[in-house]
>>> print(open('start.pdb').read())   # PDB, C-alpha atoms, pLDDT in the B column
ATOM      1  CA  MET A   1     -50.781 188.895  63.208  1.00 47.00           C
ATOM      2  CA  GLN A   2     -47.778 186.675  62.468  1.00 55.00           C
ATOM      3  CA  SER A   3     -44.841 186.629  64.863  1.00 76.00           C
ATOM      4  CA  GLN A   4     -42.091 185.150  62.725  1.00 90.00           C
ATOM      5  CA  ASN A   5     -39.234 186.884  64.579  1.00 91.00           C
ATOM      6  CA  ILE A   6     -40.628 186.100  68.035  1.00 90.00           C
ATOM      7  CA  ASP A   7     -41.055 182.476  66.937  1.00 91.00           C
ATOM      8  CA  LEU A   8     -37.438 182.336  65.719  1.00 93.00           C
ATOM      9  CA  ILE A   9     -36.182 183.726  69.037  1.00 94.00           C
ATOM     10  CA  ARG A  10     -38.293 181.212  70.957  1.00 94.00           C
ATOM     11  CA  THR A  11     -36.966 178.362  68.790  1.00 94.00           C
ATOM     12  CA  LEU A  12     -33.374 179.480  69.328  1.00 95.00           C
ATOM     13  CA  PHE A  13     -33.820 179.552  73.093  1.00 97.00           C
ATOM     14  CA  GLN A  14     -35.657 176.212  73.169  1.00 97.00           C
ATOM     15  CA  SER A  15     -33.081 174.397  71.045  1.00 96.00           C
ATOM     16  CA  ARG A  16     -30.200 175.673  73.166  1.00 97.00           C
ATOM     17  CA  LEU A  17     -32.071 174.828  76.374  1.00 98.00           C
ATOM     18  CA  ALA A  18     -32.218 171.293  74.952  1.00 97.00           C
ATOM     19  CA  THR A  19     -28.424 171.506  74.670  1.00 97.00           C
ATOM     20  CA  LEU A  20     -28.186 172.645  78.291  1.00 98.00           C
ATOM     21  CA  GLU A  21     -30.388 169.733  79.370  1.00 97.00           C
ATOM     22  CA  HIS A  22     -28.236 167.332  77.333  1.00 97.00           C
ATOM     23  CA  LEU A  23     -25.081 168.679  78.992  1.00 97.00           C
ATOM     24  CA  LEU A  24     -26.684 168.293  82.411  1.00 97.00           C
ATOM     25  CA  LYS A  25     -27.674 164.692  81.629  1.00 97.00           C
ATOM     26  CA  SER A  26     -24.126 164.001  80.430  1.00 97.00           C
ATOM     27  CA  ALA A  27     -22.795 165.323  83.738  1.00 97.00           C
ATOM     28  CA  GLN A  28     -25.323 163.248  85.657  1.00 97.00           C
ATOM     29  CA  THR A  29     -24.203 160.122  83.794  1.00 97.00           C
ATOM     30  CA  HIS A  30     -20.539 160.943  84.388  1.00 97.00           C
ATOM     31  CA  PHE A  31     -20.824 161.816  88.096  1.00 96.00           C
ATOM     32  CA  GLY A  32     -23.673 159.496  89.114  1.00 93.00           C
ATOM     33  CA  ASP A  33     -25.172 160.423  92.459  1.00 90.00           C
ATOM     34  CA  ASP A  34     -22.405 162.907  93.267  1.00 95.00           C
ATOM     35  CA  GLU A  35     -23.966 166.349  92.751  1.00 96.00           C
ATOM     36  CA  SER A  36     -20.872 168.209  93.920  1.00 95.00           C
ATOM     37  CA  PHE A  37     -20.113 169.119  90.289  1.00 96.00           C
ATOM     38  CA  LEU A  38     -22.884 171.723  90.648  1.00 97.00           C
ATOM     39  CA  GLN A  39     -20.374 173.694  92.756  1.00 97.00           C
ATOM     40  CA  GLN A  40     -17.502 173.440  90.249  1.00 97.00           C
ATOM     41  CA  ARG A  41     -16.267 176.715  88.772  1.00 96.00           C
ATOM     42  CA  ILE A  42     -13.618 177.789  86.295  1.00 96.00           C
ATOM     43  CA  ALA A  43     -12.087 180.447  88.551  1.00 95.00           C
ATOM     44  CA  ALA A  44     -12.599 181.463  92.169  1.00 95.00           C
ATOM     45  CA  ASP A  45     -14.304 184.718  91.195  1.00 96.00           C
ATOM     46  CA  MET A  46     -16.755 183.057  88.762  1.00 96.00           C
ATOM     47  CA  PHE A  47     -20.109 181.508  89.561  1.00 97.00           C
ATOM     48  CA  PRO A  48     -20.373 177.706  89.861  1.00 98.00           C
ATOM     49  CA  PHE A  49     -22.002 175.368  87.367  1.00 98.00           C
ATOM     50  CA  GLY A  50     -25.355 175.336  89.173  1.00 97.00           C
ATOM     51  CA  THR A  51     -25.550 179.118  89.009  1.00 98.00           C
ATOM     52  CA  GLN A  52     -24.673 178.996  85.308  1.00 98.00           C
ATOM     53  CA  ILE A  53     -27.770 176.818  84.824  1.00 98.00           C
ATOM     54  CA  ALA A  54     -29.937 179.460  86.536  1.00 98.00           C
ATOM     55  CA  PHE A  55     -28.328 182.345  84.644  1.00 98.00           C
ATOM     56  CA  THR A  56     -28.689 180.543  81.307  1.00 98.00           C
ATOM     57  CA  CYS A  57     -32.388 179.988  82.028  1.00 98.00           C
ATOM     58  CA  ASN A  58     -32.901 183.585  83.170  1.00 98.00           C
ATOM     59  CA  GLN A  59     -32.420 184.968  79.654  1.00 97.00           C
ATOM     60  CA  PRO A  60     -35.239 183.060  77.874  1.00 97.00           C
ATOM     61  CA  ARG A  61     -37.301 183.234  81.070  1.00 97.00           C
ATOM     62  CA  ASN A  62     -37.107 187.015  81.137  1.00 96.00           C
ATOM     63  CA  PHE A  63     -37.771 187.134  77.381  1.00 95.00           C
ATOM     64  CA  ALA A  64     -41.018 185.215  77.930  1.00 96.00           C
ATOM     65  CA  LEU A  65     -41.987 187.426  80.872  1.00 95.00           C
ATOM     66  CA  TRP A  66     -41.186 190.557  78.841  1.00 94.00           C
ATOM     67  CA  CYS A  67     -43.333 189.275  75.961  1.00 93.00           C
ATOM     68  CA  ASP A  68     -46.168 188.895  78.482  1.00 93.00           C
ATOM     69  CA  GLY A  69     -45.657 192.450  79.792  1.00 91.00           C
ATOM     70  CA  LYS A  70     -44.286 191.242  83.121  1.00 93.00           C
ATOM     71  CA  PRO A  71     -41.096 192.437  84.836  1.00 91.00           C
ATOM     72  CA  ALA A  72     -37.901 190.380  84.812  1.00 91.00           C
ATOM     73  CA  ASN A  73     -37.811 187.774  87.565  1.00 94.00           C
ATOM     74  CA  ASN A  74     -34.553 185.879  87.888  1.00 95.00           C
ATOM     75  CA  LEU A  75     -34.322 182.381  89.300  1.00 97.00           C
ATOM     76  CA  ASP A  76     -32.611 181.639  92.599  1.00 97.00           C
ATOM     77  CA  PRO A  77     -28.945 181.307  91.579  1.00 97.00           C
ATOM     78  CA  ASP A  78     -28.173 178.797  94.338  1.00 97.00           C
ATOM     79  CA  VAL A  79     -28.778 175.564  92.405  1.00 97.00           C
ATOM     80  CA  THR A  80     -27.877 172.725  94.750  1.00 95.00           C
ATOM     81  CA  SER A  81     -29.501 169.654  93.192  1.00 96.00           C
ATOM     82  CA  LEU A  82     -30.054 168.013  89.828  1.00 96.00           C
ATOM     83  CA  PRO A  83     -33.854 168.003  90.227  1.00 97.00           C
ATOM     84  CA  GLN A  84     -33.739 171.771  90.789  1.00 98.00           C
ATOM     85  CA  ALA A  85     -31.554 172.277  87.686  1.00 98.00           C
ATOM     86  CA  PHE A  86     -33.836 170.121  85.508  1.00 98.00           C
ATOM     87  CA  GLU A  87     -36.883 171.934  86.904  1.00 98.00           C
ATOM     88  CA  TYR A  88     -35.397 175.317  85.945  1.00 98.00           C
ATOM     89  CA  ILE A  89     -34.947 174.149  82.351  1.00 98.00           C
ATOM     90  CA  ALA A  90     -38.441 172.610  82.159  1.00 98.00           C
ATOM     91  CA  ASN A  91     -40.128 175.674  83.668  1.00 97.00           C
ATOM     92  CA  THR A  92     -38.245 177.973  81.298  1.00 98.00           C
ATOM     93  CA  ASN A  93     -39.356 175.885  78.311  1.00 97.00           C
ATOM     94  CA  GLU A  94     -42.933 176.045  79.566  1.00 97.00           C
ATOM     95  CA  LEU A  95     -42.772 179.849  79.785  1.00 96.00           C
ATOM     96  CA  LEU A  96     -41.407 179.988  76.228  1.00 96.00           C
ATOM     97  CA  SER A  97     -44.201 177.743  74.966  1.00 94.00           C
ATOM     98  CA  ASP A  98     -46.795 180.127  76.388  1.00 92.00           C
ATOM     99  CA  ILE A  99     -45.599 183.191  74.439  1.00 92.00           C
ATOM    100  CA  HIS A 100     -48.435 184.752  72.432  1.00 89.00           C
ATOM    101  CA  VAL A 101     -47.262 188.115  71.110  1.00 89.00           C
ATOM    102  CA  ASP A 102     -46.625 189.535  67.662  1.00 86.00           C
ATOM    103  CA  ASP A 103     -43.431 190.986  66.272  1.00 86.00           C
ATOM    104  CA  ALA A 104     -44.529 194.553  67.079  1.00 88.00           C
ATOM    105  CA  LYS A 105     -43.216 193.827  70.583  1.00 87.00           C
ATOM    106  CA  LEU A 106     -39.681 194.004  69.171  1.00 89.00           C
ATOM    107  CA  VAL A 107     -40.118 197.715  68.391  1.00 91.00           C
ATOM    108  CA  GLU A 108     -41.183 198.675  71.912  1.00 90.00           C
ATOM    109  CA  GLU A 109     -38.684 200.456  74.123  1.00 92.00           C
ATOM    110  CA  THR A 110     -37.694 198.538  77.252  1.00 89.00           C
ATOM    111  CA  ARG A 111     -35.766 199.470  80.358  1.00 89.00           C
ATOM    112  CA  ILE A 112     -33.285 197.087  81.942  1.00 87.00           C
ATOM    113  CA  ASP A 113     -32.284 197.857  85.499  1.00 85.00           C
ATOM    114  CA  LEU A 114     -28.645 196.955  86.099  1.00 85.00           C
ATOM    115  CA  GLY A 115     -28.520 197.801  89.811  1.00 85.00           C
ATOM    116  CA  GLU A 116     -26.749 200.640  91.584  1.00 91.00           C
ATOM    117  CA  SER A 117     -29.093 203.143  89.855  1.00 93.00           C
ATOM    118  CA  LEU A 118     -27.812 202.051  86.424  1.00 93.00           C
ATOM    119  CA  TYR A 119     -30.100 201.039  83.583  1.00 92.00           C
ATOM    120  CA  LEU A 120     -30.321 200.559  79.826  1.00 91.00           C
ATOM    121  CA  GLU A 121     -33.099 201.688  77.507  1.00 93.00           C
ATOM    122  CA  LEU A 122     -33.247 199.547  74.386  1.00 93.00           C
ATOM    123  CA  SER A 123     -35.683 198.669  71.647  1.00 93.00           C
ATOM    124  CA  GLY A 124     -37.175 195.213  72.080  1.00 92.00           C
ATOM    125  CA  SER A 125     -35.025 193.968  69.233  1.00 93.00           C
ATOM    126  CA  ASP A 126     -31.862 195.323  70.866  1.00 95.00           C
ATOM    127  CA  TYR A 127     -32.970 193.904  74.217  1.00 93.00           C
ATOM    128  CA  VAL A 128     -33.090 190.451  72.630  1.00 94.00           C
ATOM    129  CA  ASN A 129     -30.061 190.695  70.339  1.00 94.00           C
ATOM    130  CA  GLU A 130     -27.689 192.831  72.399  1.00 95.00           C
ATOM    131  CA  PHE A 131     -28.586 191.796  75.949  1.00 95.00           C
ATOM    132  CA  LEU A 132     -30.466 188.503  76.271  1.00 95.00           C
ATOM    133  CA  ILE A 133     -28.812 186.377  73.587  1.00 96.00           C
ATOM    134  CA  PRO A 134     -25.189 187.361  74.416  1.00 97.00           C
ATOM    135  CA  ASN A 135     -25.834 186.710  78.122  1.00 97.00           C
ATOM    136  CA  PHE A 136     -27.558 183.429  77.264  1.00 97.00           C
ATOM    137  CA  TYR A 137     -24.588 182.159  75.252  1.00 98.00           C
ATOM    138  CA  PHE A 138     -22.063 183.404  77.803  1.00 98.00           C
ATOM    139  CA  HIS A 139     -23.624 181.318  80.571  1.00 98.00           C
ATOM    140  CA  LEU A 140     -24.301 178.308  78.328  1.00 98.00           C
ATOM    141  CA  VAL A 141     -20.665 178.245  77.166  1.00 97.00           C
ATOM    142  CA  THR A 142     -19.439 178.730  80.738  1.00 98.00           C
ATOM    143  CA  ALA A 143     -21.561 175.758  81.864  1.00 98.00           C
ATOM    144  CA  TYR A 144     -20.122 173.687  79.001  1.00 98.00           C
ATOM    145  CA  ASP A 145     -16.573 174.745  79.889  1.00 97.00           C
ATOM    146  CA  ILE A 146     -17.020 173.847  83.561  1.00 98.00           C
ATOM    147  CA  LEU A 147     -18.157 170.364  82.604  1.00 97.00           C
ATOM    148  CA  ARG A 148     -15.247 169.901  80.175  1.00 97.00           C
ATOM    149  CA  MET A 149     -12.817 171.109  82.835  1.00 96.00           C
ATOM    150  CA  SER A 150     -14.411 168.659  85.303  1.00 96.00           C
ATOM    151  CA  GLY A 151     -13.766 165.697  82.994  1.00 96.00           C
ATOM    152  CA  VAL A 152     -17.240 165.149  81.530  1.00 97.00           C
ATOM    153  CA  PRO A 153     -16.706 163.471  78.129  1.00 97.00           C
ATOM    154  CA  ILE A 154     -18.432 166.060  75.944  1.00 97.00           C
ATOM    155  CA  GLY A 155     -17.273 167.798  72.804  1.00 95.00           C
ATOM    156  CA  LYS A 156     -18.335 170.286  70.183  1.00 93.00           C
ATOM    157  CA  ARG A 157     -21.013 167.906  68.872  1.00 92.00           C
ATOM    158  CA  ASP A 158     -22.676 168.035  72.292  1.00 94.00           C
ATOM    159  CA  TYR A 159     -22.625 171.825  72.255  1.00 95.00           C
ATOM    160  CA  MET A 160     -23.772 172.114  68.629  1.00 93.00           C
ATOM    161  CA  MET A 161     -26.356 169.340  68.807  1.00 89.00           C
ATOM    162  CA  HIS A 162     -29.029 171.624  67.336  1.00 91.00           C
ATOM    163  CA  LEU A 163     -27.274 171.082  63.970  1.00 89.00           C
ATOM    164  CA  VAL A 164     -27.245 167.276  64.122  1.00 85.00           C
ATOM    165  CA  PRO A 165     -30.574 166.926  62.231  1.00 86.00           C
ATOM    166  CA  PHE A 166     -29.046 168.866  59.318  1.00 87.00           C
ATOM    167  CA  VAL A 167     -25.852 166.797  58.998  1.00 87.00           C
ATOM    168  CA  LYS A 168     -25.660 164.886  55.719  1.00 89.00           C
ATOM    169  CA  LYS A 169     -23.392 162.184  54.399  1.00 89.00           C
ATOM    170  CA  ASP A 170     -22.339 161.555  50.800  1.00 88.00           C
TER     171      ASP A 170
END
>>> encode(input="start.pdb", output="C-alpha cells")
Amino acid sequence: MQSQNIDLIRTLFQSRLATLEHLLKSAQTHFGDDESFLQQRIAADMFPFGTQIAFTCNQPRNFALWCDGKPANNLDPDVTSLPQAFEYIANTNELLSDIHVDDAKLVEETRIDLGESLYLELSGSDYVNEFLIPNFYFHLVTAYDILRMSGVPIGKRDYMMHLVPFVKKD
C-alpha cells in the first residue's frame, strides 16, 4: 500500500532537520571551539539552544517511533556538546529513514500523555498536524532565534534553505 502522506511528513521533517544541521554548522563556524553557545537562551525562563536541538529532534523522532508502534521516547534535553547535537540530528534522520507504514496509520487514534494526569486523544493526522509539526517549528525557530541573538551571521535564506533548489532567475 502506498504511503504518500507519511512520505510527505517524513520529507518535511528531514528537510527541516537539514536546516537545523546547517544552523548548527553555522554556529560552529562562528564560535569555533567555544561550545558555550549551547547554553544561550532568549529569556531566563526559556530552554537553552542545546535543549532546543533535542526538542526539535523529539518531534520527528516520536513520529517515527509512533509509526513503528512504539511509545514516545524523548532525548536527553541536556545537550552539552556539538558532537551530541549532531548525533541527535543524525539518529533522528536514521529513525525517519526506517519508517515503513502506510497512510492508514494517520486514521488511528493516539494518546499523548502531557504529565500531571493530563493527556490528549487525537487521530494520527491530528497528532502530526496539530501536535508534532507545531512543536517542531516552535523549537526550530527558537533555535534559529537564539543563534541570531548570539550574533551568528544567518538570515532567512538559512532558515528557508529547503526552497533554494526551487529558486529561479530570469
>>> closest_residue(input="start.pdb", among="A:Glu130, A:Glu21, A:Glu109, A:Asp145", to="Pro48 (chain A)", atoms="only C-alpha atoms")
A:Asp145
>>> residues_around(input="start.pdb", residues="Asn73 (chain A)", least_positions_apart="4", cutoff="9 Å", atoms="all atoms listed in the file", output="JSON, numbers by chain")
{"A": [58, 61, 62, 65]}
>>> closest_residue(input="start.pdb", among="A:Val101, A:Met149, A:Ala18, A:Ala85", to="Phe63 (chain A)", atoms="only C-alpha atoms")
A:Val101
>>> resolve_selection(input="start.pdb", expression="the PyMOL selection byres ((chain A and resi 80) around 7)", output="list in words")
Leu38, Gly50, Asp78, Val79 and Ser81 of chain A
>>> resolve_selection(input="start.pdb", expression="the PyMOL selection byres ((chain A and resi 96) around 9)", output="PDB file with C-alpha atoms, keeping the file's coordinate frame")
ATOM      1  CA  ARG A  10     -38.293 181.212  70.957  1.00 94.00           C
ATOM      2  CA  THR A  11     -36.966 178.362  68.790  1.00 94.00           C
ATOM      3  CA  PHE A  13     -33.820 179.552  73.093  1.00 97.00           C
ATOM      4  CA  GLN A  14     -35.657 176.212  73.169  1.00 97.00           C
ATOM      5  CA  PRO A  60     -35.239 183.060  77.874  1.00 97.00           C
ATOM      6  CA  ARG A  61     -37.301 183.234  81.070  1.00 97.00           C
ATOM      7  CA  PHE A  63     -37.771 187.134  77.381  1.00 95.00           C
ATOM      8  CA  ALA A  64     -41.018 185.215  77.930  1.00 96.00           C
ATOM      9  CA  LEU A  65     -41.987 187.426  80.872  1.00 95.00           C
ATOM     10  CA  ASN A  91     -40.128 175.674  83.668  1.00 97.00           C
ATOM     11  CA  THR A  92     -38.245 177.973  81.298  1.00 98.00           C
ATOM     12  CA  ASN A  93     -39.356 175.885  78.311  1.00 97.00           C
ATOM     13  CA  GLU A  94     -42.933 176.045  79.566  1.00 97.00           C
ATOM     14  CA  LEU A  95     -42.772 179.849  79.785  1.00 96.00           C
ATOM     15  CA  SER A  97     -44.201 177.743  74.966  1.00 94.00           C
ATOM     16  CA  ASP A  98     -46.795 180.127  76.388  1.00 92.00           C
ATOM     17  CA  ILE A  99     -45.599 183.191  74.439  1.00 92.00           C
TER      18      ILE A  99
END
>>> resolve_selection(input="start.pdb", expression="the PyMOL selection byres ((chain A and resi 118-125) around 12)", output="JSON, numbers by chain")
{"A": [5, 6, 9, 63, 66, 67, 69, 102, 103, 104, 105, 106, 107, 108, 109, 110, 111, 112, 113, 114, 115, 116, 117, 126, 127, 128, 129, 130, 131, 132, 133]}
>>> atom_distance(input="start.pdb", atom1="CA of Lys156 (chain A)", atom2="CA of Thr19 (chain A)")
11.1 Å
>>> closest_residue(input="start.pdb", among="A:Gly32, A:Pro165, A:Pro134, A:Pro153", to="Thr56 (chain A)", atoms="all atoms listed in the file")
A:Pro134
